[in-house]
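Have a look at model-v1.cif; it's mmCIF, C-alpha atoms:
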data_data
#
loop_
_atom_site.label_atom_id
_atom_site.label_comp_id
_atom_site.auth_asym_id
_atom_site.auth_seq_id
_atom_site.Cartn_x
_atom_site.Cartn_y
_atom_site.Cartn_z
CA MET A 1 -177.23 -69.88 55.99
CA SER A 2 -175.60 -67.72 58.63
CA TRP A 3 -174.06 -68.57 61.97
CA ARG A 4 -176.57 -66.22 63.51
CA GLU A 5 -179.32 -68.63 62.64
CA TYR A 6 -177.86 -71.05 65.12
CA GLN A 7 -176.29 -68.67 67.60
CA ASN A 8 -178.33 -70.10 70.47
CA GLU A 9 -177.06 -73.58 69.74
CA ILE A 10 -173.55 -72.18 69.33
CA ILE A 11 -173.77 -70.55 72.78
CA ALA A 12 -174.94 -73.80 74.36
CA LEU A 13 -172.38 -75.88 72.46
CA ALA A 14 -169.55 -73.49 73.35
CA ALA A 15 -170.47 -73.78 77.03
CA LEU A 16 -170.70 -77.56 76.61
CA GLY A 17 -167.23 -77.51 75.05
CA ILE A 18 -165.86 -75.51 77.97
CA MET A 19 -167.47 -77.98 80.36
CA PHE A 20 -165.92 -80.86 78.43
CA PHE A 21 -162.42 -79.33 78.62
CA ALA A 22 -162.96 -78.51 82.30
CA TYR A 23 -163.86 -82.16 82.87
CA ILE A 24 -160.74 -83.31 80.98
CA TYR A 25 -158.68 -80.91 83.11
CA LYS A 26 -160.24 -82.30 86.30
CA TYR A 27 -159.74 -85.88 85.14
CA ASN A 28 -156.08 -85.26 84.30
CA SER A 29 -155.54 -83.36 87.52
CA VAL A 30 -157.08 -86.14 89.63
CA SER A 31 -155.25 -88.80 87.67
CA SER A 32 -151.83 -87.14 87.97
CA SER A 33 -152.45 -86.38 91.66
CA THR A 34 -153.37 -90.01 92.30
CA GLN A 35 -150.25 -91.17 90.50
CA GLU A 36 -148.12 -88.71 92.43
CA ALA A 37 -149.72 -89.81 95.71
CA LYS A 38 -149.01 -93.46 94.82
CA LYS A 39 -145.42 -92.58 93.96
CA ILE A 40 -144.98 -90.72 97.26
CA GLN A 41 -146.53 -93.64 99.16
CA ARG A 42 -144.24 -96.11 97.38
CA THR A 43 -141.20 -93.95 98.20
CA ILE A 44 -142.27 -93.73 101.84
CA GLU A 45 -142.60 -97.51 102.01
CA GLU A 46 -139.19 -97.95 100.37
CA VAL A 47 -137.48 -95.52 102.72
CA LYS A 48 -139.14 -97.19 105.72
CA GLU A 49 -138.14 -100.63 104.50
CA VAL A 50 -134.53 -99.55 103.90
CA ALA A 51 -134.45 -97.95 107.34
CA ALA A 52 -135.90 -101.06 108.97
CA LEU A 53 -133.55 -103.44 107.14
CA LYS A 54 -130.53 -101.28 107.93
CA LYS A 55 -131.61 -101.15 111.55
CA ILE A 56 -131.50 -104.95 111.66
CA TRP A 57 -128.58 -105.86 109.44
CA ALA A 58 -126.33 -102.81 109.83
CA ASP A 59 -126.84 -102.21 113.51
CA LYS A 60 -123.70 -100.75 115.11
CA LYS A 61 -124.55 -102.49 118.40
CA THR A 62 -124.23 -105.92 116.79
CA ASP A 63 -120.49 -105.84 117.41
CA LYS A 64 -121.10 -105.71 121.15
CA ARG A 65 -123.96 -108.20 121.09
CA VAL A 66 -121.76 -110.79 119.36
CA GLU A 67 -119.55 -110.80 122.47
CA ALA A 68 -122.32 -112.76 124.20
CA LEU A 69 -121.29 -115.79 122.14
CA HIS A 70 -117.96 -115.62 123.96
CA THR A 71 -119.41 -115.63 127.45
CA LEU A 72 -122.19 -118.11 126.91
CA VAL A 73 -120.07 -121.18 127.62
CA PRO A 74 -116.88 -121.70 129.62
CA THR A 75 -113.97 -120.05 127.82
CA ASP A 76 -111.86 -123.22 127.83
CA LYS A 77 -114.34 -124.69 125.36
CA ILE A 78 -113.96 -121.80 122.92
CA LYS A 79 -111.47 -120.77 120.28
CA TRP A 80 -112.41 -117.19 119.55
CA GLN A 81 -111.19 -115.15 116.62
CA LYS A 82 -112.92 -111.83 116.01
CA LYS A 83 -111.56 -109.50 113.40
CA SER A 84 -113.23 -106.35 112.22
CA LYS A 85 -116.80 -107.42 111.58
CA LYS A 86 -116.09 -111.12 111.18
CA LEU A 87 -116.13 -113.90 113.72
CA THR A 88 -114.75 -117.41 113.63
CA ALA A 89 -115.58 -119.38 116.77
CA LYS A 90 -114.96 -123.02 117.54
CA TYR A 91 -116.73 -124.66 120.48
CA THR A 92 -115.80 -128.11 121.75
CA ASP A 93 -117.44 -130.58 124.08
CA LEU A 94 -120.65 -128.66 124.45
CA ARG A 95 -123.38 -130.32 126.41
CA ALA A 96 -126.82 -130.46 124.85
CA ASN A 97 -128.13 -127.57 126.92
CA GLU A 98 -125.05 -125.48 126.06
CA LEU A 99 -125.55 -126.25 122.41
CA ASN A 100 -129.19 -125.19 122.64
CA LYS A 101 -128.27 -121.91 124.33
CA LEU A 102 -125.56 -121.22 121.77
CA ILE A 103 -127.69 -121.98 118.72
CA THR A 104 -130.64 -119.97 120.10
CA LYS A 105 -128.31 -117.02 120.72
CA VAL A 106 -126.76 -117.24 117.25
CA LEU A 107 -130.17 -117.37 115.60
CA ASN A 108 -131.31 -114.29 117.50
CA LEU A 109 -128.27 -112.22 116.55
CA PRO A 110 -128.51 -110.09 113.41
CA VAL A 111 -125.43 -111.64 111.82
CA ARG A 112 -124.88 -113.33 108.48
CA ILE A 113 -124.09 -116.98 109.14
CA THR A 114 -121.57 -117.98 106.50
CA PHE A 115 -120.67 -121.31 108.04
CA LEU A 116 -122.22 -123.40 110.80
CA ASP A 117 -121.14 -126.89 111.62
CA VAL A 118 -122.46 -128.97 114.49
CA THR A 119 -120.95 -132.41 115.00
CA LYS A 120 -121.81 -134.89 117.71
CA ARG A 121 -118.82 -136.41 119.47
CA GLY A 122 -120.01 -139.00 121.96
CA ALA A 123 -122.53 -137.31 124.20
CA ASN A 124 -121.28 -133.81 123.44
CA TYR A 125 -121.08 -131.52 120.48
CA ASN A 126 -118.45 -129.59 118.60
CA VAL A 127 -119.56 -126.40 116.87
CA GLU A 128 -117.80 -124.24 114.33
CA LEU A 129 -119.36 -120.90 113.53
CA LYS A 130 -118.36 -118.25 111.00
CA CYS A 131 -120.39 -115.14 110.72
CA LYS A 132 -120.14 -111.48 109.72
CA TRP A 133 -122.20 -108.34 110.20
CA MET B 1 -171.47 -54.86 72.35
CA ASN B 2 -172.07 -54.75 68.65
CA PHE B 3 -169.01 -54.89 66.44
CA MET B 4 -171.10 -55.39 63.31
CA THR B 5 -173.05 -52.12 63.42
CA THR B 6 -170.82 -50.09 61.20
CA THR B 7 -170.13 -52.81 58.69
CA LYS B 8 -173.72 -53.79 57.79
CA GLU B 9 -176.17 -51.88 55.72
CA LEU B 10 -179.10 -50.36 57.60
CA LEU B 11 -182.49 -51.01 56.05
CA LEU B 12 -185.32 -48.67 56.96
CA VAL B 13 -188.52 -50.65 57.37
CA TYR B 14 -191.92 -48.96 57.09
CA PRO B 15 -195.33 -50.27 56.07
CA ALA B 16 -195.31 -48.77 52.57
CA MET B 17 -191.84 -50.03 51.70
CA LYS B 18 -191.26 -51.97 48.53
CA ARG B 19 -190.15 -55.57 48.44
CA VAL B 20 -186.36 -55.89 48.59
CA LEU B 21 -183.85 -58.44 47.39
CA LEU B 22 -180.93 -58.94 49.79
CA ASN B 23 -177.62 -60.63 49.09
CA GLU B 24 -176.23 -60.23 52.56
CA ASN B 25 -177.32 -59.71 56.15
CA VAL B 26 -178.55 -56.27 57.15
CA ASN B 27 -179.47 -54.27 60.21
CA VAL B 28 -183.04 -53.01 60.31
CA MET B 29 -184.47 -49.75 61.62
CA LEU B 30 -188.18 -49.78 62.35
CA THR B 31 -190.43 -46.77 62.01
CA PRO B 32 -192.91 -45.98 64.83
CA GLN B 33 -195.70 -48.05 63.22
CA PHE B 34 -193.90 -51.18 64.47
CA TYR B 35 -193.49 -50.26 68.11
CA THR B 36 -195.15 -48.49 71.01
CA LEU B 37 -193.15 -45.94 72.92
CA LYS B 38 -193.36 -44.70 76.47
CA LYS B 39 -191.03 -42.41 78.40
CA GLU B 40 -191.11 -42.28 82.18
CA ILE B 41 -189.05 -40.75 84.95
CA LEU B 42 -188.53 -43.57 87.37
CA PRO B 43 -186.29 -43.95 90.43
CA MET B 44 -184.36 -46.84 88.98
CA LYS B 45 -180.65 -47.24 88.50
CA TYR B 46 -180.35 -50.17 86.15
CA ALA B 47 -182.02 -51.12 82.87
CA TYR B 48 -182.84 -54.65 84.04
CA GLN B 49 -184.89 -53.16 86.89
CA ALA B 50 -186.77 -50.95 84.46
CA LYS B 51 -187.27 -53.85 82.07
CA LYS B 52 -188.99 -55.81 84.82
CA ILE B 53 -191.77 -53.28 85.14
CA ALA B 54 -192.07 -52.64 81.37
CA PRO B 55 -195.11 -54.97 80.82
CA SER B 56 -197.12 -53.18 83.54
CA LEU B 57 -196.31 -49.76 82.02
CA PHE B 58 -197.92 -50.77 78.74
CA ASP B 59 -201.08 -52.19 80.35
CA GLY B 60 -204.00 -51.33 78.07
CA LEU B 61 -201.78 -49.68 75.47
CA LEU B 62 -200.90 -52.74 73.43
CA GLU B 63 -203.09 -54.86 71.20
CA GLU B 64 -204.20 -58.07 72.85
CA GLY B 65 -202.84 -61.35 71.56
CA GLY B 66 -199.44 -59.93 70.58
CA ASN B 67 -196.21 -61.51 71.74
CA TYR B 68 -194.50 -58.39 73.01
CA GLU B 69 -190.92 -57.85 73.96
CA TYR B 70 -189.39 -54.76 75.43
CA MET B 71 -186.35 -52.62 74.89
CA VAL B 72 -185.39 -50.22 77.67
CA TYR B 73 -182.69 -47.56 77.75
CA LYS B 74 -182.02 -44.37 79.60
CA GLU B 75 -182.24 -40.99 77.90
CA LYS B 76 -181.01 -38.14 80.09
CA ASP B 77 -183.15 -38.36 83.26
CA GLN B 78 -185.93 -40.52 81.90
CA TRP B 79 -186.32 -44.15 80.89
CA VAL B 80 -187.40 -44.96 77.34
CA PHE B 81 -189.58 -48.06 76.99
CA ILE B 82 -190.20 -49.59 73.58
CA ALA B 83 -192.68 -52.47 73.17
CA TYR B 84 -192.55 -54.48 69.96
CA ASP B 85 -194.12 -57.63 68.63
CA SER B 86 -191.27 -59.64 67.14
CA GLU B 87 -193.59 -62.15 65.47
CA HIS B 88 -195.45 -59.37 63.73
CA ILE B 89 -192.15 -57.77 62.67
CA GLU B 90 -190.81 -61.08 61.38
CA ALA B 91 -193.98 -61.67 59.38
CA PHE B 92 -193.80 -58.21 57.86
CA LEU B 93 -190.11 -58.53 57.00
CA SER B 94 -190.76 -61.90 55.37
CA SER B 95 -193.55 -60.39 53.29
CA LYS B 96 -191.04 -57.80 52.02
CA GLY B 97 -188.41 -60.38 51.06
CA VAL B 98 -186.30 -60.06 54.20
CA ALA B 99 -185.80 -63.43 55.79
CA PRO B 100 -185.51 -63.16 59.60
CA ALA B 101 -182.16 -64.95 59.37
CA GLN B 102 -180.83 -62.07 57.26
CA VAL B 103 -181.54 -59.58 60.04
CA SER B 104 -178.57 -59.02 62.29
CA LYS B 105 -179.95 -56.33 64.58
CA ILE B 106 -183.15 -54.41 64.90
CA PHE B 107 -183.13 -50.75 65.82
CA PHE B 108 -185.96 -48.32 66.42
CA ALA B 109 -186.25 -44.89 64.83
CA GLU B 110 -186.68 -43.46 68.32
CA GLN B 111 -183.06 -44.37 69.08
CA ALA B 112 -181.80 -42.03 66.34
CA VAL B 113 -183.98 -38.94 66.92
CA ASP B 114 -180.92 -36.69 67.15
CA LYS B 115 -179.93 -37.70 63.62
CA PHE B 116 -183.30 -36.86 62.07
CA THR B 117 -182.50 -33.17 61.58
CA HIS B 118 -184.74 -33.08 58.52
CA PRO B 119 -187.77 -35.18 57.50
CA LEU B 120 -187.11 -38.63 56.13
CA LYS B 121 -189.27 -39.66 53.24
CA LEU B 122 -191.26 -42.90 53.76
CA GLY B 123 -192.69 -43.84 50.39
CA GLU B 124 -194.83 -41.45 48.39
CA SER B 125 -197.12 -40.02 51.06
CA GLU B 126 -195.47 -40.21 54.48
CA ALA B 127 -192.41 -38.85 56.19
CA LEU B 128 -190.58 -39.50 59.44
CA VAL B 129 -189.99 -36.40 61.52
CA VAL B 130 -189.06 -35.56 65.08
CA LEU B 131 -191.78 -33.83 67.07
CA ASP B 132 -191.27 -32.93 70.74
CA GLY B 133 -188.22 -35.19 70.84
CA ASN B 134 -190.08 -38.23 69.49
CA ALA B 135 -189.84 -39.88 66.07
CA VAL B 136 -193.30 -39.79 64.45
CA VAL B 137 -194.76 -40.49 61.02
CA VAL B 138 -196.68 -37.66 59.36
CA PRO B 139 -198.24 -37.19 55.90
CA GLN B 140 -195.84 -35.44 53.55
CA SER B 141 -198.59 -32.91 52.87
CA ALA B 142 -198.39 -31.80 56.48
CA LEU B 143 -194.77 -30.75 56.08
CA GLU B 144 -194.12 -27.05 55.87
CA GLU B 145 -192.74 -25.47 52.73
CA GLY B 146 -189.24 -25.14 54.17
CA GLU B 147 -189.13 -28.83 55.04
CA SER B 148 -189.22 -30.06 51.50
CA SER B 149 -185.58 -31.30 51.61
CA PHE B 150 -185.39 -34.91 52.79
CA LEU B 151 -182.61 -36.80 54.52
CA VAL B 152 -180.79 -39.58 52.75
CA PHE B 153 -181.01 -42.70 54.90
CA ASP B 154 -177.90 -44.86 55.26
CA LYS B 155 -175.94 -46.79 57.86
CA ARG B 156 -174.77 -43.62 59.58
CA PHE B 157 -178.15 -43.71 61.33
CA THR B 158 -177.22 -46.99 63.06
CA PRO B 159 -177.57 -46.58 66.85
CA GLN B 160 -175.23 -48.32 69.22
CA LYS B 161 -177.60 -50.75 70.87
CA GLY B 162 -180.03 -53.00 69.04
CA VAL B 163 -182.10 -56.10 69.63
CA SER B 164 -182.06 -59.47 67.93
CA LEU B 165 -185.08 -61.20 66.57
CA GLN B 166 -186.05 -64.12 68.73
CA GLY B 167 -186.51 -67.31 66.77
CA ALA B 168 -185.28 -65.61 63.65
CA SER B 169 -183.91 -68.87 62.41
CA GLY B 170 -184.27 -72.63 62.46
CA SER B 171 -182.95 -72.53 66.02
CA ILE B 172 -184.05 -75.40 68.22
CA LEU B 173 -183.21 -73.47 71.37
CA SER B 174 -184.62 -70.13 72.42
CA ARG B 175 -182.22 -67.49 73.74
CA LYS B 176 -183.40 -68.16 77.28
CA GLN B 177 -182.85 -71.88 76.92
CA ALA B 178 -179.42 -71.29 75.37
CA PHE B 179 -178.40 -69.11 78.30
CA ALA B 180 -179.89 -71.56 80.78
CA PHE B 181 -177.95 -74.47 79.28
CA GLY B 182 -174.86 -72.30 78.89
CA GLY B 183 -175.08 -71.20 82.52
CA LEU B 184 -175.52 -74.76 83.70
CA PHE B 185 -172.58 -76.02 81.65
CA LEU B 186 -170.39 -73.17 82.85
CA LEU B 187 -171.39 -73.90 86.44
CA PHE B 188 -170.28 -77.50 85.98
CA SER B 189 -167.10 -76.25 84.29
CA ALA B 190 -166.34 -74.09 87.33
CA LEU B 191 -166.98 -77.05 89.63
CA PHE B 192 -164.73 -79.33 87.58
CA ILE B 193 -161.94 -76.73 87.51
CA ALA B 194 -162.29 -76.10 91.25
CA GLU B 195 -162.16 -79.83 91.90
CA GLY B 196 -159.17 -80.17 89.60
CA LEU B 197 -157.34 -77.37 91.40
CA ARG B 198 -158.19 -78.83 94.78
CA TYR B 199 -156.38 -82.09 94.00
CA GLY B 200 -152.79 -81.57 95.05
CA GLY B 201 -152.11 -84.99 96.51
CA SER B 202 -152.03 -85.80 100.20
CA GLN B 203 -150.24 -83.12 102.20
CA SER B 204 -149.67 -85.50 105.11
CA SER B 205 -147.87 -87.99 102.82
CA LYS B 206 -145.64 -85.23 101.49
CA GLU B 207 -144.83 -84.10 105.03
CA GLU B 208 -144.09 -87.66 106.09
CA LEU B 209 -141.75 -88.10 103.13
CA GLU B 210 -139.99 -84.81 103.93
CA ARG B 211 -139.53 -85.95 107.51
CA LEU B 212 -138.10 -89.30 106.36
CA TYR B 213 -135.76 -87.53 103.94
CA SER B 214 -134.49 -85.27 106.72
CA ASP B 215 -133.87 -88.38 108.89
CA TYR B 216 -132.24 -90.33 106.03
CA PRO B 217 -130.85 -87.78 103.54
CA ALA B 218 -128.89 -90.46 101.69
CA LEU B 219 -132.14 -92.17 100.72
CA GLN B 220 -133.42 -89.25 98.65
CA SER B 221 -131.97 -90.83 95.56
CA SER B 222 -134.14 -93.63 94.20
CA TYR B 223 -131.02 -95.26 92.75
CA THR B 224 -129.38 -95.42 96.18
CA ARG B 225 -132.59 -96.68 97.75
CA GLU B 226 -132.95 -99.47 95.22
CA GLU B 227 -129.33 -100.48 95.58
CA ILE B 228 -129.54 -100.65 99.40
CA LEU B 229 -132.91 -102.39 99.25
CA HIS B 230 -131.58 -105.00 96.85
CA LYS B 231 -128.60 -105.69 99.09
CA TYR B 232 -130.47 -105.91 102.39
CA ARG B 233 -133.51 -107.72 101.01
CA ASN B 234 -131.24 -110.54 99.84
CA ILE B 235 -129.44 -110.68 103.19
CA ASP B 236 -132.75 -110.66 105.04
CA LYS B 237 -134.21 -113.39 102.84
CA GLU B 238 -131.15 -115.67 103.11
CA GLU B 239 -130.66 -115.25 106.85
CA ARG B 240 -134.31 -115.76 107.64
CA ALA B 241 -134.24 -118.94 105.53
CA LYS B 242 -131.23 -120.26 107.49
CA ARG B 243 -132.91 -119.56 110.82
CA GLU B 244 -136.18 -121.16 109.70
CA LEU B 245 -134.26 -124.23 108.59
CA VAL B 246 -132.47 -124.64 111.92
CA LYS B 247 -135.82 -124.23 113.72
CA LYS B 248 -137.30 -126.95 111.52
CA PHE B 249 -134.42 -129.29 112.32
CA SER B 250 -134.96 -128.58 116.03
CA SER B 251 -138.57 -129.61 115.67
CA PHE B 252 -137.47 -132.90 114.09
CA ILE B 253 -135.72 -133.95 117.29
CA PHE B 254 -138.10 -136.07 119.31
CA LYS B 255 -137.85 -139.31 121.28
CA GLY B 256 -135.62 -141.69 119.39
CA VAL B 257 -134.05 -139.05 117.16
CA THR B 258 -130.64 -137.46 117.71
CA LEU B 259 -128.90 -134.84 115.65
CA THR B 260 -125.48 -136.17 114.75
CA HIS B 261 -124.37 -133.57 112.26
CA LEU B 262 -125.51 -130.23 110.93
CA ASN B 263 -123.70 -128.19 108.34
CA ILE B 264 -124.71 -124.94 106.74
CA SER B 265 -122.19 -123.51 104.33
CA GLY B 266 -123.15 -120.67 102.02
CA ASP B 267 -126.50 -121.63 100.60
CA ARG B 268 -126.07 -125.38 101.05
CA TYR B 269 -127.07 -127.44 104.05
CA LYS B 270 -126.73 -131.03 105.17
CA THR B 271 -128.05 -132.63 108.35
CA GLU B 272 -127.85 -136.15 109.68
CA PHE B 273 -130.20 -137.61 112.23
CA ALA B 274 -129.71 -140.89 114.03
CA CYS B 275 -132.92 -142.81 114.57
CA VAL B 276 -133.36 -145.70 117.01
CA SER B 277 -135.76 -147.68 114.84
CA LYS B 278 -137.20 -147.95 111.37
CA SER B 279 -140.56 -146.57 112.48
CA VAL B 280 -138.89 -143.51 114.02
CA SER B 281 -136.90 -143.05 110.82
CA GLN B 282 -140.09 -143.27 108.76
CA LYS B 283 -141.81 -140.77 111.01
CA LEU B 284 -138.89 -138.38 110.65
CA GLU B 285 -138.88 -138.87 106.90
CA ALA B 286 -142.59 -138.09 106.76
CA LEU B 287 -142.02 -134.89 108.76
CA ALA B 288 -139.19 -133.83 106.43
CA LYS B 289 -141.28 -134.50 103.33
CA LYS B 290 -144.10 -132.49 104.80
CA GLU B 291 -141.65 -129.59 104.92
CA HIS B 292 -140.60 -130.32 101.31
CA LEU B 293 -137.08 -131.31 102.33
CA LYS B 294 -135.02 -133.80 100.38
CA THR B 295 -134.16 -136.92 102.41
CA SER B 296 -131.94 -139.94 101.90
CA LYS B 297 -131.24 -142.98 104.04
CA ILE B 298 -127.85 -144.33 105.04
CA LYS B 299 -127.40 -147.97 104.13
CA ASN B 300 -127.61 -150.57 106.91
CA SER B 301 -128.87 -148.01 109.44
CA HIS B 302 -131.95 -146.05 110.37
CA ASN B 303 -130.08 -142.78 110.04
CA LEU B 304 -131.52 -140.12 107.78
CA ILE B 305 -129.79 -137.37 105.84
CA ILE B 306 -131.57 -134.18 104.88
CA GLU B 307 -129.77 -131.95 102.44
CA GLY B 308 -130.37 -129.30 99.86
CA THR B 309 -129.95 -125.63 99.06
CA LEU B 310 -131.63 -122.67 100.66
#
Output the structure of this file as structure tokens.
Amino acid sequence: MSWREYQNEIIALAALGIMFFAYIYKYNSVSSSTQEAKKIQRTIEEVKEVAALKKIWADKKTDKRVEALHTLVPTDKIKWQKKSKKLTAKYTDLRANELNKLITKVLNLPVRITFLDVTKRGANYNVELKCKW
Amino acid sequence: MNFMTTTKELLLVYPAMKRVLLNENVNVMLTPQFYTLKKEILPMKYAYQAKKIAPSLFDGLLEEGGNYEYMVYKEKDQWVFIAYDSEHIEAFLSSKGVAPAQVSKIFFAEQAVDKFTHPLKLGESEALVVLDGNAVVVPQSALEEGESSFLVFDKRFTPQKGVSLQGASGSILSRKQAFAFGGLFLLFSALFIAEGLRYGGSQSSKEELERLYSDYPALQSSYTREEILHKYRNIDKEERAKRELVKKFSSFIFKGVTLTHLNISGDRYKTEFACVSKSVSQKLEALAKKEHLKTSKIKNSHNLIIEGTL
């Protein structure tokens, strides 16, 4: 038996083999490209998330915005101590509407509330707030 | 291209030849009895063009019923056409002990006319000679006195270009089918490779990432990104939880309910509500439980405490 006897089949099989390897190449190429695209997409999402979170919780304007807590109620009701990026504020004799305004403002500020204490004294409220940013 | 030509023995095949016993594959040279020759001057440049018109050139010259194939090559300014019946050749070779599978290439005596400088003896009565530039078979008796010396035939007579016997084996596929399948498979191969090369990921995503990196160069490192993400995700989660909790407590204040104390320290919280009646207290308790908050009552009062961790 000689290979020449089956040279036609060999030609067809060789071409089939090439096609098979070409398919494997394509499959690997598509697969690695898809993985790379997923990786890029994941990185984009991460970077965007970091940027968005930093924009909220590491905003340089927060320092100024916190000052609003000082002007929200009459100053005689406030003991204000702001140092670096930390605030300790004590409010006394706040009326219900003042309390509402203060709490709403605090909740809308991008600060980390480390301590919040609201105590009713008669008809009014005392509030102690510690926060940082 | 034939790399095997010089390495294989060349067997001269003529009708009066004796039966042979072969141990290896050979090339075969056929004498003019096995083919029909025609030479024409035609205005054609390529052999494939000449091959197309070969059947019409032999109209009426070939025996009917034969399965003829054609070999075409250019000789100086004219085209040489050789018609041969491969089935007939195969049958003859088989009858002489040469299996078609043992035949590597077939050549025609006409291809080696320049090497037949003297007559070549074909059996006892015939000889192969060149007359008017064509290889022909003549009776040895017709040779002139001076032509009594005969050539010794060997593989030096092997021409460059030969033909293969079609179906010279147990092949399932014909040559045409093999090339058709081969062509189709190679076409698919080219398409697969092209498609594979085309995939380079999304260019717009890459550009977007480059833009983000130029805006936030510090975030190019995945380690840095993960560290920052971990830090700010925790802050975000905790602070949102605190705010949600305070909003929930606000929603618990309705007619008959007053907030008397609220304390959030670290991740712990405690709130006390004063209720005017038992029913109000129960309603508040139901609301708190709906929000999955832990409640407890203060003895001898309707007041309710809600406490827990974030």
So which residues touch Met71 in chain B within 9 Å, counting all atoms listed in the file, skipping near sequence neighbours fewer than 2 positions away, as a PDB file with C-alpha atoms, in the frame of the given file?
ATOM      1  CA  LYS B  51    -187.270 -53.850  82.070  1.00  0.00           C
ATOM      2  CA  ALA B  54    -192.070 -52.640  81.370  1.00  0.00           C
ATOM      3  CA  GLU B  69    -190.920 -57.850  73.960  1.00  0.00           C
ATOM      4  CA  TYR B  73    -182.690 -47.560  77.750  1.00  0.00           C
ATOM      5  CA  VAL B  80    -187.400 -44.960  77.340  1.00  0.00           C
ATOM      6  CA  PHE B  81    -189.580 -48.060  76.990  1.00  0.00           C
ATOM      7  CA  ILE B  82    -190.200 -49.590  73.580  1.00  0.00           C
ATOM      8  CA  ALA B  83    -192.680 -52.470  73.170  1.00  0.00           C
ATOM      9  CA  TYR B  84    -192.550 -54.480  69.960  1.00  0.00           C
ATOM     10  CA  GLY B 162    -180.030 -53.000  69.040  1.00  0.00           C
ATOM     11  CA  VAL B 163    -182.100 -56.100  69.630  1.00  0.00           C
TER      12      VAL B 163
END
### Message
Taking all atoms listed in the file into account, find every residue of chain B that has an atom no more than 8 Å from chain A, and write it out as a ChimeraX atom specification.
### Response
/B:101-102,104,168-175,178-179,181-183,185-186,188-190,192-193,195-197,199-202,205-206,208-209,212,219,225,228-229,232-233,235-236,239,243,259-266
### Query
Which residue gives the smallest distance to His88 in chain B among B:Ala135, B:Leu165, B:Leu184, B:Leu284, with all atoms listed in the file counted?
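Under the stated criterion, the closest residue is B:Leu165.
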### Task
Find the residues near Gln49 in chain B: any atom within 12 Å, counting only C-alpha atoms, skip ones fewer than 3 places away on the same chain, and give them as a ChimeraX atom specification.
/B:42-46,52-54,72-74,79
### Task
One decimal, Å: what's the distance from CA of Asp267 in chain B over to CA of Lys132 in chain A, could you say?
15.1 Å
### Task
Using the chain letters and numbering of this document, enumerate as a list in words the residues selected by the PyMOL selection byres ((chain A and resi 67) around 12).
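Evaluating the PyMOL selection byres ((chain A and resi 67) around 12) on these coordinates yields Lys61, Thr62, Asp63, Lys64, Arg65, Val66, Ala68, Leu69, His70, Thr71, Leu72, Val73, Trp80, Gln81, Lys82, Lys85, Lys86, Leu87, Ala89, Lys105, Val106 and Leu109 of chain A.
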Output file for the selection above: C-alpha atoms, as a PDB file, in the coordinates of the input:
ATOM      1  CA  LYS A  61    -124.550-102.490 118.400  1.00  0.00           C
ATOM      2  CA  THR A  62    -124.230-105.920 116.790  1.00  0.00           C
ATOM      3  CA  ASP A  63    -120.490-105.840 117.410  1.00  0.00           C
ATOM      4  CA  LYS A  64    -121.100-105.710 121.150  1.00  0.00           C
ATOM      5  CA  ARG A  65    -123.960-108.200 121.090  1.00  0.00           C
ATOM      6  CA  VAL A  66    -121.760-110.790 119.360  1.00  0.00           C
ATOM      7  CA  ALA A  68    -122.320-112.760 124.200  1.00  0.00           C
ATOM      8  CA  LEU A  69    -121.290-115.790 122.140  1.00  0.00           C
ATOM      9  CA  HIS A  70    -117.960-115.620 123.960  1.00  0.00           C
ATOM     10  CA  THR A  71    -119.410-115.630 127.450  1.00  0.00           C
ATOM     11  CA  LEU A  72    -122.190-118.110 126.910  1.00  0.00           C
ATOM     12  CA  VAL A  73    -120.070-121.180 127.620  1.00  0.00           C
ATOM     13  CA  TRP A  80    -112.410-117.190 119.550  1.00  0.00           C
ATOM     14  CA  GLN A  81    -111.190-115.150 116.620  1.00  0.00           C
ATOM     15  CA  LYS A  82    -112.920-111.830 116.010  1.00  0.00           C
ATOM     16  CA  LYS A  85    -116.800-107.420 111.580  1.00  0.00           C
ATOM     17  CA  LYS A  86    -116.090-111.120 111.180  1.00  0.00           C
ATOM     18  CA  LEU A  87    -116.130-113.900 113.720  1.00  0.00           C
ATOM     19  CA  ALA A  89    -115.580-119.380 116.770  1.00  0.00           C
ATOM     20  CA  LYS A 105    -128.310-117.020 120.720  1.00  0.00           C
ATOM     21  CA  VAL A 106    -126.760-117.240 117.250  1.00  0.00           C
ATOM     22  CA  LEU A 109    -128.270-112.220 116.550  1.00  0.00           C
TER      23      LEU A 109
END
### Task
Between B:Leu21, B:Ala112, B:Ala16, B:Ala194, single out the one closest to Ala127 in chain B, counting all atoms listed in the file.
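Result for the nearest residue to Ala127 in chain B: B:Ala16.
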